[in-house]
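> My file is input-v7.pdb. It has PDB, C-alpha atoms, pLDDT in the B column:
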ATOM      1  CA  MET A   1       0.000   0.000   0.000  1.00 92.00           C
ATOM      2  CA  THR A   2       1.282   3.437  -0.935  1.00 96.00           C
ATOM      3  CA  ALA A   3      -0.232   6.656   0.386  1.00 98.00           C
ATOM      4  CA  PHE A   4       0.053   9.901  -1.567  1.00 98.00           C
ATOM      5  CA  THR A   5      -1.939  12.995  -2.455  1.00 98.00           C
ATOM      6  CA  LEU A   6      -3.820  12.834  -5.737  1.00 98.00           C
ATOM      7  CA  ASN A   7      -5.327  16.051  -7.057  1.00 98.00           C
ATOM      8  CA  GLY A   8      -5.469  17.416  -3.508  1.00 97.00           C
ATOM      9  CA  THR A   9      -6.978  14.310  -1.888  1.00 98.00           C
ATOM     10  CA  SER A  10      -5.174  11.733   0.234  1.00 98.00           C
ATOM     11  CA  VAL A  11      -5.329   8.311  -1.411  1.00 98.00           C
ATOM     12  CA  THR A  12      -3.787   4.872  -1.046  1.00 97.00           C
ATOM     13  CA  ALA A  13      -2.799   2.648  -3.957  1.00 97.00           C
ATOM     14  CA  ALA A  14      -2.765  -1.103  -3.469  1.00 92.00           C
ATOM     15  CA  ASP A  15       0.221  -2.210  -5.565  1.00 96.00           C
ATOM     16  CA  PRO A  16       3.440  -0.233  -4.969  1.00 96.00           C
ATOM     17  CA  ASP A  17       5.147  -1.902  -7.949  1.00 97.00           C
ATOM     18  CA  MET A  18       2.436  -0.980 -10.461  1.00 97.00           C
ATOM     19  CA  PRO A  19       3.264   1.877 -12.841  1.00 98.00           C
ATOM     20  CA  LEU A  20       1.572   5.053 -11.641  1.00 98.00           C
ATOM     21  CA  LEU A  21      -0.175   5.376 -15.016  1.00 98.00           C
ATOM     22  CA  HIS A  22      -2.017   2.086 -14.499  1.00 97.00           C
ATOM     23  CA  ALA A  23      -3.023   2.985 -10.948  1.00 98.00           C
ATOM     24  CA  LEU A  24      -4.332   6.373 -12.074  1.00 98.00           C
ATOM     25  CA  ARG A  25      -6.369   4.952 -14.944  1.00 97.00           C
ATOM     26  CA  GLY A  26      -7.460   1.736 -13.247  1.00 97.00           C
ATOM     27  CA  GLU A  27      -7.651   2.143  -9.500  1.00 97.00           C
ATOM     28  CA  PHE A  28      -8.572   5.838  -9.500  1.00 97.00           C
ATOM     29  CA  ALA A  29     -10.505   5.977 -12.818  1.00 97.00           C
ATOM     30  CA  LEU A  30      -8.658   9.091 -14.037  1.00 97.00           C
ATOM     31  CA  ASN A  31      -8.691   8.796 -17.790  1.00 94.00           C
ATOM     32  CA  GLY A  32      -7.103  12.167 -18.548  1.00 93.00           C
ATOM     33  CA  VAL A  33      -3.676  10.599 -18.261  1.00 95.00           C
ATOM     34  CA  ARG A  34      -3.018   8.585 -21.418  1.00 95.00           C
ATOM     35  CA  HIS A  35      -1.061   5.450 -22.223  1.00 95.00           C
ATOM     36  CA  GLY A  36       1.003   6.151 -25.305  1.00 92.00           C
ATOM     37  CA  CYS A  37       4.318   4.415 -25.825  1.00 92.00           C
ATOM     38  CA  GLY A  38       4.950   3.005 -22.341  1.00 93.00           C
ATOM     39  CA  GLU A  39       8.606   4.009 -22.676  1.00 93.00           C
ATOM     40  CA  GLU A  40       8.691   7.685 -21.589  1.00 93.00           C
ATOM     41  CA  ALA A  41       9.073   8.783 -25.208  1.00 93.00           C
ATOM     42  CA  CYS A  42       5.741  10.361 -26.207  1.00 95.00           C
ATOM     43  CA  GLY A  43       4.620  12.590 -23.307  1.00 95.00           C
ATOM     44  CA  ALA A  44       0.997  11.385 -23.240  1.00 95.00           C
ATOM     45  CA  CYS A  45       1.289  10.020 -19.699  1.00 97.00           C
ATOM     46  CA  HIS A  46       2.793  13.079 -18.021  1.00 98.00           C
ATOM     47  CA  VAL A  47       1.520  14.150 -14.615  1.00 98.00           C
ATOM     48  CA  LEU A  48       2.831  16.630 -12.093  1.00 98.00           C
ATOM     49  CA  LEU A  49       4.801  15.117  -9.228  1.00 98.00           C
ATOM     50  CA  ASP A  50       5.316  17.743  -6.546  1.00 98.00           C
ATOM     51  CA  GLY A  51       4.711  20.307  -9.284  1.00 97.00           C
ATOM     52  CA  LYS A  52       7.216  18.881 -11.793  1.00 97.00           C
ATOM     53  CA  SER A  53       6.129  17.217 -15.034  1.00 97.00           C
ATOM     54  CA  VAL A  54       7.112  13.542 -15.129  1.00 98.00           C
ATOM     55  CA  PRO A  55       6.122  10.501 -17.194  1.00 98.00           C
ATOM     56  CA  SER A  56       3.885   8.127 -15.248  1.00 98.00           C
ATOM     57  CA  CYS A  57       4.136   5.081 -17.519  1.00 97.00           C
ATOM     58  CA  THR A  58       7.313   3.682 -15.965  1.00 97.00           C
ATOM     59  CA  LEU A  59       7.189   5.360 -12.555  1.00 98.00           C
ATOM     60  CA  PRO A  60       6.254   2.831  -9.858  1.00 98.00           C
ATOM     61  CA  VAL A  61       3.545   3.882  -7.433  1.00 98.00           C
ATOM     62  CA  SER A  62       6.069   3.432  -4.604  1.00 98.00           C
ATOM     63  CA  ALA A  63       8.010   6.428  -5.990  1.00 98.00           C
ATOM     64  CA  VAL A  64       5.123   8.786  -5.180  1.00 98.00           C
ATOM     65  CA  SER A  65       4.755   7.741  -1.528  1.00 98.00           C
ATOM     66  CA  GLY A  66       4.050  10.830   0.572  1.00 98.00           C
ATOM     67  CA  ARG A  67       4.173  13.083  -2.475  1.00 98.00           C
ATOM     68  CA  ALA A  68       1.644  15.115  -4.465  1.00 98.00           C
ATOM     69  CA  VAL A  69       0.451  13.932  -7.884  1.00 98.00           C
ATOM     70  CA  THR A  70      -1.645  16.185 -10.104  1.00 98.00           C
ATOM     71  CA  THR A  71      -3.335  14.969 -13.259  1.00 97.00           C
ATOM     72  CA  LEU A  72      -5.287  16.877 -15.875  1.00 96.00           C
ATOM     73  CA  GLU A  73      -8.371  16.352 -13.721  1.00 96.00           C
ATOM     74  CA  GLY A  74      -6.665  18.225 -10.880  1.00 96.00           C
ATOM     75  CA  LEU A  75      -5.987  21.353 -12.946  1.00 96.00           C
ATOM     76  CA  GLY A  76      -9.520  22.384 -13.781  1.00 91.00           C
ATOM     77  CA  THR A  77     -13.145  21.367 -14.010  1.00 89.00           C
ATOM     78  CA  ARG A  78     -15.833  21.687 -16.656  1.00 89.00           C
ATOM     79  CA  ALA A  79     -17.247  24.631 -14.724  1.00 94.00           C
ATOM     80  CA  ALA A  80     -13.850  26.234 -14.096  1.00 94.00           C
ATOM     81  CA  PRO A  81     -11.346  25.002 -16.690  1.00 94.00           C
ATOM     82  CA  HIS A  82      -7.662  25.774 -16.459  1.00 94.00           C
ATOM     83  CA  PRO A  83      -6.766  28.759 -18.716  1.00 95.00           C
ATOM     84  CA  LEU A  84      -4.764  26.385 -20.940  1.00 95.00           C
ATOM     85  CA  GLN A  85      -7.823  24.226 -21.494  1.00 94.00           C
ATOM     86  CA  THR A  86      -9.842  27.276 -22.498  1.00 95.00           C
ATOM     87  CA  ALA A  87      -7.132  28.566 -24.851  1.00 95.00           C
ATOM     88  CA  LEU A  88      -6.691  25.159 -26.492  1.00 94.00           C
ATOM     89  CA  LEU A  89     -10.420  25.025 -27.191  1.00 92.00           C
ATOM     90  CA  GLU A  90     -10.427  28.581 -28.549  1.00 94.00           C
ATOM     91  CA  GLU A  91      -7.533  27.787 -30.874  1.00 93.00           C
ATOM     92  CA  GLN A  92      -9.105  24.466 -31.905  1.00 91.00           C
ATOM     93  CA  ALA A  93      -5.797  22.898 -30.957  1.00 90.00           C
ATOM     94  CA  GLY A  94      -7.034  19.402 -30.253  1.00 81.00           C
ATOM     95  CA  GLN A  95      -8.040  17.115 -33.046  1.00 80.00           C
ATOM     96  CA  CYS A  96      -7.903  13.724 -31.352  1.00 84.00           C
ATOM     97  CA  ALA A  97      -6.648  15.355 -28.104  1.00 83.00           C
ATOM     98  CA  PHE A  98      -4.687  12.252 -27.136  1.00 88.00           C
ATOM     99  CA  CYS A  99      -1.509  14.260 -26.483  1.00 91.00           C
ATOM    100  CA  LEU A 100      -3.136  17.238 -24.789  1.00 93.00           C
ATOM    101  CA  PRO A 101      -3.348  16.033 -21.157  1.00 93.00           C
ATOM    102  CA  GLY A 102       0.424  15.568 -20.991  1.00 96.00           C
ATOM    103  CA  ILE A 103       1.031  18.857 -22.769  1.00 96.00           C
ATOM    104  CA  ILE A 104      -1.387  20.720 -20.505  1.00 96.00           C
ATOM    105  CA  VAL A 105       0.118  19.474 -17.239  1.00 96.00           C
ATOM    106  CA  THR A 106       3.644  20.154 -18.493  1.00 97.00           C
ATOM    107  CA  ALA A 107       2.749  23.622 -19.794  1.00 97.00           C
ATOM    108  CA  SER A 108       0.931  24.496 -16.559  1.00 97.00           C
ATOM    109  CA  ALA A 109       4.092  23.821 -14.552  1.00 97.00           C
ATOM    110  CA  LEU A 110       6.228  25.781 -17.004  1.00 97.00           C
ATOM    111  CA  LEU A 111       3.836  28.737 -16.966  1.00 96.00           C
ATOM    112  CA  ARG A 112       4.157  28.788 -13.190  1.00 95.00           C
ATOM    113  CA  ASP A 113       7.919  28.231 -12.987  1.00 96.00           C
ATOM    114  CA  ARG A 114       9.209  29.936 -16.133  1.00 94.00           C
ATOM    115  CA  PRO A 115       6.906  32.796 -17.101  1.00 90.00           C
ATOM    116  CA  GLY A 116       7.917  34.798 -20.124  1.00 92.00           C
ATOM    117  CA  MET A 117       9.175  31.905 -22.254  1.00 95.00           C
ATOM    118  CA  THR A 118       9.522  32.661 -25.955  1.00 95.00           C
ATOM    119  CA  GLU A 119       7.832  30.627 -28.651  1.00 95.00           C
ATOM    120  CA  ASP A 120      11.134  28.898 -29.424  1.00 96.00           C
ATOM    121  CA  GLU A 121      11.595  28.044 -25.734  1.00 96.00           C
ATOM    122  CA  TRP A 122       8.074  26.559 -25.619  1.00 96.00           C
ATOM    123  CA  ARG A 123       8.761  24.467 -28.686  1.00 95.00           C
ATOM    124  CA  ALA A 124      11.981  23.171 -27.131  1.00 96.00           C
ATOM    125  CA  ALA A 125      10.329  22.510 -23.764  1.00 95.00           C
ATOM    126  CA  LEU A 126       7.550  20.452 -25.353  1.00 95.00           C
ATOM    127  CA  VAL A 127       9.692  18.520 -27.836  1.00 93.00           C
ATOM    128  CA  GLY A 128       9.075  15.265 -25.903  1.00 92.00           C
ATOM    129  CA  HIS A 129       5.307  15.588 -26.311  1.00 93.00           C
ATOM    130  CA  LEU A 130       4.338  14.033 -29.607  1.00 91.00           C
ATOM    131  CA  CYS A 131       1.186  15.109 -31.414  1.00 86.00           C
ATOM    132  CA  ARG A 132       0.239  12.706 -34.154  1.00 85.00           C
ATOM    133  CA  CYS A 133      -2.399  15.090 -35.562  1.00 84.00           C
ATOM    134  CA  TYR A 134       0.216  17.733 -36.316  1.00 82.00           C
ATOM    135  CA  ALA A 135      -1.566  20.368 -34.239  1.00 87.00           C
ATOM    136  CA  HIS A 136       1.693  21.646 -32.721  1.00 89.00           C
ATOM    137  CA  ASN A 137       1.365  25.153 -34.149  1.00 92.00           C
ATOM    138  CA  ARG A 138      -2.149  25.573 -32.750  1.00 94.00           C
ATOM    139  CA  ILE A 139      -1.056  24.121 -29.406  1.00 94.00           C
ATOM    140  CA  ILE A 140       1.859  26.560 -29.192  1.00 95.00           C
ATOM    141  CA  ARG A 141      -0.405  29.432 -30.226  1.00 95.00           C
ATOM    142  CA  ALA A 142      -2.834  28.542 -27.400  1.00 96.00           C
ATOM    143  CA  ILE A 143      -0.030  28.313 -24.841  1.00 96.00           C
ATOM    144  CA  MET A 144       1.402  31.649 -25.967  1.00 95.00           C
ATOM    145  CA  LYS A 145      -2.063  33.185 -25.581  1.00 95.00           C
ATOM    146  CA  VAL A 146      -2.125  32.110 -21.922  1.00 95.00           C
ATOM    147  CA  ALA A 147       1.504  33.106 -21.351  1.00 93.00           C
ATOM    148  CA  SER A 148       0.947  36.676 -22.555  1.00 89.00           C
TER     149      SER A 148
END
Translate the structure of the given file into structure tokens.


Amino acid sequence: MTAFTLNGTSVTAADPDMPLLHALRGEFALNGVRHGCGEEACGACHVLLDGKSVPSCTLPVSAVSGRAVTTLEGLGTRAAPHPLQTALLEEQAGQCAFCLPGIIVTASALLRDRPGMTEDEWRAALVGHLCRCYAHNRIIRAIMKVAS
């Protein structure tokens, strides 16, 4: 059993050896976090761990013991979406939206920790987040809208 904070709530996960991604999707029914490559190479599974964007597909639940995990669901709600969610909708930046949860959690941390990033810095910071729909330009445009 591993206790940690998930989106502001204290929780306990049963299997400490299970990848965090599987616990989030299975045990906690949080489907915002996505299973992409399973090898930390696509960015779809990113969550915030103590405020830092990390891949959850290979991270064992035991590694988050006593720590804070934030998923897409912890950033905003339908009634009060995160500004990034609103901007992405306004820019029609999500076609399939498979990549967006990882991009949103990563960008939210960067907006907090590194305000004032240039477009080139955003592109470099998000290089590990793969969008198969080729919506990168719209995604960057939405992020820049929130950053300004």

> For the provided coordinates, the residues matched by the PyMOL selection byres ((chain A and resi 93) around 7) should be stated as an MDAnalysis selection string.

chainID A and resid 88:89 91:92 94:95 135 138:139

> How close does each residue of region 64-88 of chain A get to region 105-120 of chain A, giving the shortest atom pair and distance in Å to one decimal for every residue with an atom at most 8 Å away, counting only C-alpha atoms, sorted by chain and residue number, as a Markdown table?


| residue | atom | partner | partner_atom | distance |
| --- | --- | --- | --- | --- |
| A:Thr71 | CA | A:Val105 | CA | 6.9 |
| A:Leu72 | CA | A:Val105 | CA | 6.1 |
| A:Leu75 | CA | A:Val105 | CA | 7.7 |
| A:Leu84 | CA | A:Ser108 | CA | 7.4 |

> What gap, in Å, lies between CA of Glu90 (chain A) and CA of Ser56 (chain A)?

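Going from CA of Glu90 (chain A) over to CA of Ser56 (chain A) covers 28.3 Å.
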
> List as number ranges by chain the protein and nucleic acid residues near Leu49 (chain A), meaning an atom at most 8 Å away when all atoms listed in the file are counted, but skip any in the same chain fewer than 3 places from it.

A: 52-54, 64, 67-70

> Translate the PyMOL selection byres ((chain A and resi 9) around 12), as applied to the file shown, into an explicit residue set as an mmCIF file with C-alpha atoms, in the frame of the given file.


data_model
loop_
_atom_site.group_PDB
_atom_site.id
_atom_site.type_symbol
_atom_site.label_atom_id
_atom_site.label_comp_id
_atom_site.auth_asym_id
_atom_site.auth_seq_id
_atom_site.Cartn_x
_atom_site.Cartn_y
_atom_site.Cartn_z
ATOM 1 C CA ALA A 3 -0.232 6.656 0.386
ATOM 2 C CA PHE A 4 0.053 9.901 -1.567
ATOM 3 C CA THR A 5 -1.939 12.995 -2.455
ATOM 4 C CA LEU A 6 -3.820 12.834 -5.737
ATOM 5 C CA ASN A 7 -5.327 16.051 -7.057
ATOM 6 C CA GLY A 8 -5.469 17.416 -3.508
ATOM 7 C CA SER A 10 -5.174 11.733 0.234
ATOM 8 C CA VAL A 11 -5.329 8.311 -1.411
ATOM 9 C CA THR A 12 -3.787 4.872 -1.046
ATOM 10 C CA PHE A 28 -8.572 5.838 -9.500
ATOM 11 C CA GLY A 66 4.050 10.830 0.572
ATOM 12 C CA ARG A 67 4.173 13.083 -2.475
ATOM 13 C CA ALA A 68 1.644 15.115 -4.465
ATOM 14 C CA VAL A 69 0.451 13.932 -7.884
ATOM 15 C CA THR A 70 -1.645 16.185 -10.104
ATOM 16 C CA THR A 71 -3.335 14.969 -13.259
ATOM 17 C CA GLY A 74 -6.665 18.225 -10.880
#
